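What follows is one structure encoded as structure tokens, with my remarks underneath.
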Amino acid sequence: MVLVYVDDMLITGDSLKLIEETKNNLHQVFKMKDLGELKYFLGIEFARSKQGILMHQRKYTLELVSELGLSAAKPIATPLDTNAKLTTKEYDDHCKGQPADDPSADINSYQRLIGRLLYLTVTRPDISFSVQTLSQFLQQPKRSHMEAAIRIVKYIKNQPGRGILLSSTNNNNIIAYCDADWAACPISRKSVTGYLIKIGDSLVAWKSKKQTTVSRSSAEDEYRSIAATVAELIWLQGLMKEIGMEVALPIEIYSDSKAAIQITANPVYHERTKHIEIDCHVIREKIVQGLIVTKYIPSKD
């Protein structure tokens with residue numbers, strides 16, 4: 001397998017002989033520099049041990065902390081203040097009682113900082129939700145948004161070397177967990193979808209994203225989160241097939257919504273679910289094909 005990103009390249013495989021042959025063939029056509037065993041790639045560091053491979057962005061994180069002048073700042077335990085109400089300027093103008101003393105922040109500095117934090121989510125799922133929230137204010141950032149972004153930097157300063165462990169344990173079982181926060185956005189009343197997917201003990205995919213449409217019930221927004229997870233699983237299964245990896249079917253998807261699970265199990269369309277019919281068909285089809293199975297997990301777990 002050869003992974004190419006602009007002028008950076010990774011070569012991997014089961015056979016060292018085949019890897020050497022591939023490198024020699026490429027050297028004959030292109031001028032290339034062989035950096036040896038993988039340790040650093042696109043700002044991501046790789047550390048090997050018997051437990052597996054740890055992917056982290058420690059150097060990138062420390063550079064970000066230093067650039068913002070926060071090297072001496074006290075680390076914070078959580079990435080986002082749950083009591084902070086982050087809203088747009090238009091929303092504040094239309095709602096009375098909002099604090100009017102929240103001046104604009106420098107748009108270029110804010111966009112640059114959010115861009116750097118977005119890249120950090122490659123190895124830090126714990127800041128995905130916070131960065132997703134702050135990404136909504138890129139056009140007209142306020143001082144409160146900038147302060148919230150700096151808070152995330154103080155949070156990652158706590159453990160700059162934290163990352164994703166790709167386990168050395170051989171386990172091809174894929175498990176997915178999904179959830180939704182109904183009408184979480186105070187401005188548009190759209191819900192936020194969150195999911196994570198593991199292959200064995202290794203976390204390989206995660207997302208926190210605002211849904212594109214407004215859901216009329218919590219069951220509907222949970223159902224949409226299952227549909228988003230199924231779309232990711234179909235892509236992931238295709239990738240696994242391409243690299244010759246057997247995946248145990250059906251793939252288990254865990255949701256804390258009994259109502260959403262019942263909709264997946266019962267293909268009867270009535271007036272409360274007819275507007276989500278396409279998602280219903282997609283999930284039902286994959287259940288019938290034996291690709292996925294939905295399972296209940298309590299919210300506290």
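For the structure tokens, the naming scheme is as follows: chains receive sequential letters (A, B, ...) according to their order of presentation, residues are indexed from 1 within each chain, and ligands are indexed from 1 in presentation order.
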8 Å contact set for Lys295 of chain A, only C-alpha atoms, chain neighbours under 2 positions out, as a PDB file with N, CA and C atoms, in the first residue's frame:
ATOM      1  N   GLU A 252     -22.013  -4.020  14.796  1.00  0.00           N
ATOM      2  CA  GLU A 252     -22.920  -3.541  15.845  1.00  0.00           C
ATOM      3  C   GLU A 252     -22.878  -2.018  15.959  1.00  0.00           C
ATOM      4  N   ILE A 253     -24.076  -1.406  15.935  1.00  0.00           N
ATOM      5  CA  ILE A 253     -24.189   0.047  16.155  1.00  0.00           C
ATOM      6  C   ILE A 253     -24.963   0.251  17.444  1.00  0.00           C
ATOM      7  N   TYR A 254     -24.347   0.951  18.378  1.00  0.00           N
ATOM      8  CA  TYR A 254     -24.994   1.191  19.671  1.00  0.00           C
ATOM      9  C   TYR A 254     -25.595   2.592  19.726  1.00  0.00           C
ATOM     10  N   SER A 255     -26.878   2.649  20.148  1.00  0.00           N
ATOM     11  CA  SER A 255     -27.582   3.925  20.297  1.00  0.00           C
ATOM     12  C   SER A 255     -28.334   3.909  21.626  1.00  0.00           C
ATOM     13  N   ILE A 261     -34.172   2.841  17.471  1.00  0.00           N
ATOM     14  CA  ILE A 261     -33.901   1.418  17.190  1.00  0.00           C
ATOM     15  C   ILE A 261     -35.172   0.718  16.703  1.00  0.00           C
ATOM     16  N   VAL A 293     -26.270  -4.267  12.640  1.00  0.00           N
ATOM     17  CA  VAL A 293     -27.347  -4.604  13.585  1.00  0.00           C
ATOM     18  C   VAL A 293     -27.350  -3.501  14.644  1.00  0.00           C
ATOM     19  N   ILE A 297     -27.897   0.883  24.131  1.00  0.00           N
ATOM     20  CA  ILE A 297     -26.926   1.097  25.208  1.00  0.00           C
ATOM     21  C   ILE A 297     -27.470   2.244  26.076  1.00  0.00           C
TER      22      ILE A 297
END
Of the residues A:Val29, A:Val153, A:Leu165, A:Ile251, which is the one nearest to Leu68 of chain A, using only C-alpha atoms?
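Between A:Val29, A:Val153, A:Leu165, A:Ile251, the residue approaching Leu68 of chain A most closely is A:Val153.
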Skip segment 4-16 of chain A itself and residues of its chain fewer than 3 positions away, then list as a ChimeraX atom specification all residues within 12 Å of it, counting only C-alpha atoms.
/A:1,19-24,26,30-43,243-244
Report as number ranges by chain all protein, DNA and RNA residues lying within 12 Å of Ala227 of chain A, evaluated on only C-alpha atoms, omitting residues in the same chain fewer than 6 positions from it.
A: 176-180, 193-195, 211, 220-221, 233-234, 253, 255, 260-261, 263-264, 276-287, 292, 294
Got time to write the residues from that selection, N, CA and C atoms, as a compact mmCIF listing (two decimals), in the first residue's frame?
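File out_9.txt, as written:
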# COMPACT_ATOMS: atom_id res chain seq x y z
N ALA A 176 -19.59 0.43 16.42
CA ALA A 176 -19.87 1.87 16.30
C ALA A 176 -20.79 2.34 17.42
N TYR A 177 -20.56 3.55 17.88
CA TYR A 177 -21.42 4.19 18.88
C TYR A 177 -21.88 5.52 18.31
N CYS A 178 -23.18 5.80 18.42
CA CYS A 178 -23.64 7.10 17.90
C CYS A 178 -24.65 7.72 18.87
N ASP A 179 -24.71 9.04 18.82
CA ASP A 179 -25.62 9.77 19.70
C ASP A 179 -25.98 11.09 19.02
N ALA A 180 -26.99 11.74 19.54
CA ALA A 180 -27.38 13.05 19.01
C ALA A 180 -27.88 13.93 20.14
N THR A 193 -24.88 15.68 15.72
CA THR A 193 -24.61 14.23 15.64
C THR A 193 -23.19 13.97 16.13
N GLY A 194 -23.03 12.88 16.86
CA GLY A 194 -21.70 12.45 17.26
C GLY A 194 -21.59 10.95 17.11
N TYR A 195 -20.48 10.48 16.53
CA TYR A 195 -20.28 9.03 16.47
C TYR A 195 -18.80 8.69 16.58
N GLN A 211 -26.39 18.67 12.29
CA GLN A 211 -27.20 18.07 11.23
C GLN A 211 -27.66 19.15 10.25
N GLU A 220 -36.13 11.26 15.87
CA GLU A 220 -35.71 11.55 14.50
C GLU A 220 -34.24 11.94 14.42
N ASP A 221 -33.78 12.79 15.37
CA ASP A 221 -32.38 13.22 15.31
C ASP A 221 -31.45 12.07 15.66
N LEU A 233 -19.73 3.63 7.96
CA LEU A 233 -19.42 2.20 8.03
C LEU A 233 -19.35 1.55 6.65
N ILE A 234 -20.24 1.98 5.74
CA ILE A 234 -20.21 1.44 4.37
C ILE A 234 -18.88 1.79 3.70
N ILE A 253 -24.08 -1.41 15.93
CA ILE A 253 -24.19 0.05 16.15
C ILE A 253 -24.96 0.25 17.44
N SER A 255 -26.88 2.65 20.15
CA SER A 255 -27.58 3.93 20.30
C SER A 255 -28.33 3.91 21.63
N ALA A 260 -35.52 5.17 18.17
CA ALA A 260 -34.80 5.12 16.89
C ALA A 260 -34.52 3.68 16.48
N ILE A 261 -34.17 2.84 17.47
CA ILE A 261 -33.90 1.42 17.19
C ILE A 261 -35.17 0.72 16.70
N ILE A 263 -37.60 2.10 15.05
CA ILE A 263 -37.87 2.52 13.67
C ILE A 263 -37.02 1.69 12.70
N THR A 264 -35.76 1.39 13.10
CA THR A 264 -34.90 0.58 12.22
C THR A 264 -35.44 -0.85 12.11
N ILE A 276 -38.45 11.21 6.92
CA ILE A 276 -37.09 10.67 7.01
C ILE A 276 -37.02 9.31 6.29
N GLU A 277 -37.89 9.18 5.28
CA GLU A 277 -38.05 7.90 4.59
C GLU A 277 -36.76 7.39 3.95
N ILE A 278 -35.97 8.30 3.33
CA ILE A 278 -34.75 7.88 2.64
C ILE A 278 -33.77 7.25 3.63
N ASP A 279 -33.57 7.93 4.78
CA ASP A 279 -32.70 7.37 5.82
C ASP A 279 -33.22 6.02 6.28
N CYS A 280 -34.56 5.90 6.41
CA CYS A 280 -35.17 4.63 6.82
C CYS A 280 -34.81 3.52 5.84
N HIS A 281 -34.95 3.82 4.55
CA HIS A 281 -34.67 2.82 3.52
C HIS A 281 -33.20 2.39 3.56
N VAL A 282 -32.29 3.37 3.71
CA VAL A 282 -30.85 3.07 3.72
C VAL A 282 -30.51 2.12 4.86
N ILE A 283 -30.98 2.45 6.06
CA ILE A 283 -30.63 1.64 7.23
C ILE A 283 -31.30 0.27 7.15
N ARG A 284 -32.58 0.25 6.75
CA ARG A 284 -33.29 -1.03 6.62
C ARG A 284 -32.58 -1.96 5.63
N GLU A 285 -32.15 -1.38 4.52
CA GLU A 285 -31.47 -2.16 3.48
C GLU A 285 -30.20 -2.82 4.03
N LYS A 286 -29.43 -2.06 4.81
CA LYS A 286 -28.17 -2.59 5.35
C LYS A 286 -28.43 -3.64 6.44
N ILE A 287 -29.55 -3.50 7.18
CA ILE A 287 -29.91 -4.51 8.19
C ILE A 287 -30.30 -5.82 7.48
N ILE A 292 -25.27 -4.45 9.15
CA ILE A 292 -25.31 -3.84 10.49
C ILE A 292 -26.40 -4.46 11.35
N THR A 294 -28.56 -2.99 14.98
CA THR A 294 -28.63 -1.90 15.96
C THR A 294 -28.86 -2.48 17.36
Which of segment 109-253 of chain A DSSP labels strand (DSSP E), written as number ranges by chain
A: 163-167, 174-181, 192-199, 202-210, 251-253
Excluding segment 135-143 of chain A and its own-chain neighbours fewer than 5 positions away, which residues fall within 8 Å of it when counting only C-alpha atoms? Please give them as an NGL selection string.
:A and (88-89 or 102-107 or 110-111 or 114)
Could you save those same residues with all heavy atoms as a tab-separated table (two decimals), in the first residue's frame?
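Below is the file that was written, result.tsv:
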chain	number	residue	atom	x	y	z
A	88	THR	N	-24.29	34.02	17.54
A	88	THR	CA	-23.84	34.93	16.47
A	88	THR	C	-24.30	36.35	16.77
A	88	THR	O	-25.19	36.58	17.59
A	88	THR	CB	-24.43	34.51	15.11
A	88	THR	OG1	-25.86	34.54	15.20
A	88	THR	CG2	-23.97	33.12	14.71
A	89	LYS	N	-23.72	37.33	16.04
A	89	LYS	CA	-24.09	38.73	16.21
A	89	LYS	C	-25.56	38.96	15.83
A	89	LYS	O	-26.28	39.69	16.50
A	89	LYS	CB	-23.19	39.62	15.35
A	89	LYS	CG	-21.80	39.83	15.95
A	89	LYS	CD	-21.07	40.91	15.19
A	89	LYS	CE	-19.68	41.16	15.74
A	89	LYS	NZ	-19.66	41.58	17.13
A	102	ASP	N	-19.85	42.62	23.93
A	102	ASP	CA	-19.00	41.54	23.41
A	102	ASP	C	-18.46	41.98	22.06
A	102	ASP	O	-19.07	41.72	21.01
A	102	ASP	CB	-19.83	40.25	23.29
A	102	ASP	CG	-18.93	39.02	23.12
A	102	ASP	OD1	-17.70	39.20	23.05
A	102	ASP	OD2	-19.47	37.90	23.05
A	103	PRO	N	-17.32	42.68	22.04
A	103	PRO	CA	-16.80	43.23	20.78
A	103	PRO	C	-16.32	42.14	19.82
A	103	PRO	O	-16.17	40.98	20.19
A	103	PRO	CB	-15.63	44.11	21.25
A	103	PRO	CG	-15.20	43.51	22.54
A	103	PRO	CD	-16.44	42.93	23.18
A	104	SER	N	-16.08	42.57	18.58
A	104	SER	CA	-15.60	41.64	17.55
A	104	SER	C	-14.15	41.24	17.82
A	104	SER	O	-13.37	42.02	18.39
A	104	SER	CB	-15.69	42.28	16.17
A	104	SER	OG	-17.03	42.58	15.87
A	105	ALA	N	-13.81	40.02	17.39
A	105	ALA	CA	-12.43	39.56	17.48
A	105	ALA	C	-11.79	39.68	16.10
A	105	ALA	O	-12.49	39.83	15.10
A	105	ALA	CB	-12.40	38.11	17.95
A	106	ASP	N	-10.46	39.64	16.05
A	106	ASP	CA	-9.76	39.70	14.77
A	106	ASP	C	-10.08	38.44	13.97
A	106	ASP	O	-9.75	37.33	14.38
A	106	ASP	CB	-8.25	39.82	14.99
A	106	ASP	CG	-7.49	39.89	13.68
A	106	ASP	OD1	-7.85	40.72	12.83
A	106	ASP	OD2	-6.55	39.09	13.49
A	107	ILE	N	-10.72	38.63	12.81
A	107	ILE	CA	-11.23	37.50	12.03
A	107	ILE	C	-10.11	36.58	11.53
A	107	ILE	O	-10.23	35.36	11.55
A	107	ILE	CB	-12.13	38.00	10.87
A	107	ILE	CG1	-12.83	36.83	10.17
A	107	ILE	CG2	-11.36	38.84	9.88
A	107	ILE	CD1	-13.97	37.24	9.27
A	110	TYR	N	-8.66	34.49	14.43
A	110	TYR	CA	-9.64	33.48	14.85
A	110	TYR	C	-9.69	32.32	13.86
A	110	TYR	O	-9.64	31.15	14.24
A	110	TYR	CB	-11.02	34.11	15.01
A	110	TYR	CG	-12.07	33.16	15.54
A	110	TYR	CD1	-12.11	32.81	16.89
A	110	TYR	CD2	-13.03	32.59	14.69
A	110	TYR	CE1	-13.07	31.94	17.38
A	110	TYR	CE2	-14.00	31.72	15.18
A	110	TYR	CZ	-14.01	31.40	16.52
A	110	TYR	OH	-14.96	30.52	17.00
A	111	GLN	N	-9.78	32.66	12.57
A	111	GLN	CA	-9.86	31.61	11.54
A	111	GLN	C	-8.60	30.76	11.52
A	111	GLN	O	-8.67	29.54	11.35
A	111	GLN	CB	-10.09	32.25	10.16
A	111	GLN	CG	-11.50	32.82	10.00
A	111	GLN	CD	-11.73	33.46	8.64
A	111	GLN	OE1	-10.80	33.68	7.89
A	111	GLN	NE2	-12.98	33.79	8.34
A	114	ILE	N	-8.72	28.39	14.63
A	114	ILE	CA	-9.68	27.30	14.45
A	114	ILE	C	-9.16	26.30	13.43
A	114	ILE	O	-9.30	25.08	13.60
A	114	ILE	CB	-11.07	27.85	14.03
A	114	ILE	CG1	-11.67	28.71	15.14
A	114	ILE	CG2	-12.03	26.69	13.68
A	114	ILE	CD1	-11.90	28.00	16.47
Between A:Leu134, A:Gln237, A:Lys190, A:Trp206, which residue has the minimum interatomic distance to Ile174 of chain A, considering only C-alpha atoms?
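Looking only at the distances to Ile174 of chain A, the closest residue turns out to be A:Gln237.
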Among segment 53-294 of chain A, which ones does DSSP assign to alpha helix (DSSP H) (computed from the backbone)? Answer as an MDAnalysis selection string.
chainID A and resid 58:67 89:94 107:120 128:134 143:158 218:242 258:265 277:288
Correct to one decimal, the distance atom CA of Lys209 of chain A-atom CA of Asp126 of chain A is 13.7 Å
Please list as a tab-separated table (two decimals) with N, CA and C atoms, in the first residue's frame every residue within 9 Å of Val131 of chain A, counting only C-alpha atoms and excluding residues in the same chain fewer than 5 positions away.
chain	number	residue	atom	x	y	z
A	114	ILE	N	-8.72	28.39	14.63
A	114	ILE	CA	-9.68	27.30	14.45
A	114	ILE	C	-9.16	26.30	13.43
A	117	LEU	N	-6.69	24.15	15.18
A	117	LEU	CA	-7.37	23.23	16.11
A	117	LEU	C	-8.08	22.11	15.34
A	118	LEU	N	-8.63	22.44	14.15
A	118	LEU	CA	-9.29	21.43	13.32
A	118	LEU	C	-8.29	20.34	12.93
A	121	THR	N	-7.70	17.78	15.62
A	121	THR	CA	-8.73	16.75	15.86
A	121	THR	C	-8.40	15.44	15.15
A	136	GLN	N	-18.56	27.43	13.79
A	136	GLN	CA	-19.79	28.05	13.28
A	136	GLN	C	-19.71	29.59	13.27
A	149	ALA	N	-11.85	29.59	22.20
A	149	ALA	CA	-10.84	28.89	21.40
A	149	ALA	C	-9.52	28.79	22.18
A	152	ILE	N	-9.56	26.04	24.69
A	152	ILE	CA	-9.24	24.71	24.14
A	152	ILE	C	-7.72	24.50	24.12
A	208	SER	N	-18.12	14.92	15.06
A	208	SER	CA	-19.13	15.73	15.75
A	208	SER	C	-19.56	16.78	14.75
Pick from A:Ala84, A:Leu120, A:Ile156, A:Ala248, whichever lies nearest to Ser71 of chain A using only C-alpha atoms
A:Ile156
Skipping near chain neighbours, those fewer than 4 positions away, what residues fall within 9 Å of Pro75 of chain A using only C-alpha atoms, listed as a PDB file with N, CA, C and O atoms, in the first residue's frame?
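Full text of result.pdb as output:
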ATOM      1  N   ARG A 151      -9.300  28.743  25.354  1.00  0.00           N
ATOM      2  CA  ARG A 151      -9.547  27.769  26.426  1.00  0.00           C
ATOM      3  C   ARG A 151      -9.214  26.337  25.957  1.00  0.00           C
ATOM      4  O   ARG A 151      -8.650  25.551  26.710  1.00  0.00           O
ATOM      5  N   VAL A 153      -6.978  25.551  23.747  1.00  0.00           N
ATOM      6  CA  VAL A 153      -5.511  25.464  23.718  1.00  0.00           C
ATOM      7  C   VAL A 153      -4.966  25.209  25.128  1.00  0.00           C
ATOM      8  O   VAL A 153      -4.054  24.399  25.327  1.00  0.00           O
ATOM      9  N   LYS A 154      -5.559  25.877  26.141  1.00  0.00           N
ATOM     10  CA  LYS A 154      -5.139  25.649  27.536  1.00  0.00           C
ATOM     11  C   LYS A 154      -5.478  24.227  27.979  1.00  0.00           C
ATOM     12  O   LYS A 154      -4.780  23.628  28.797  1.00  0.00           O
ATOM     13  N   TYR A 155      -6.565  23.677  27.413  1.00  0.00           N
ATOM     14  CA  TYR A 155      -6.958  22.293  27.732  1.00  0.00           C
ATOM     15  C   TYR A 155      -5.965  21.291  27.146  1.00  0.00           C
ATOM     16  O   TYR A 155      -5.526  20.360  27.836  1.00  0.00           O
ATOM     17  N   ILE A 156      -5.589  21.478  25.868  1.00  0.00           N
ATOM     18  CA  ILE A 156      -4.655  20.514  25.239  1.00  0.00           C
ATOM     19  C   ILE A 156      -3.244  20.642  25.820  1.00  0.00           C
ATOM     20  O   ILE A 156      -2.447  19.703  25.743  1.00  0.00           O
ATOM     21  N   LYS A 157      -2.954  21.809  26.438  1.00  0.00           N
ATOM     22  CA  LYS A 157      -1.648  22.002  27.096  1.00  0.00           C
ATOM     23  C   LYS A 157      -1.492  21.038  28.271  1.00  0.00           C
ATOM     24  O   LYS A 157      -0.386  20.667  28.655  1.00  0.00           O
ATOM     25  N   ASN A 158      -2.643  20.616  28.832  1.00  0.00           N
ATOM     26  CA  ASN A 158      -2.660  19.685  29.963  1.00  0.00           C
ATOM     27  C   ASN A 158      -1.924  18.394  29.645  1.00  0.00           C
ATOM     28  O   ASN A 158      -1.116  17.905  30.440  1.00  0.00           O
ATOM     29  N   GLN A 159      -2.218  17.797  28.467  1.00  0.00           N
ATOM     30  CA  GLN A 159      -1.565  16.564  28.022  1.00  0.00           C
ATOM     31  C   GLN A 159      -1.263  16.665  26.528  1.00  0.00           C
ATOM     32  O   GLN A 159      -1.990  16.113  25.695  1.00  0.00           O
TER      33      GLN A 159
END
Report the distance between atom CA of Tyr296 of chain A and atom CA of Lys198 of chain A in Å, rounded to one decimal place.
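Interatomic distance, atom CA of Tyr296 of chain A to atom CA of Lys198 of chain A: 17.1 Å.
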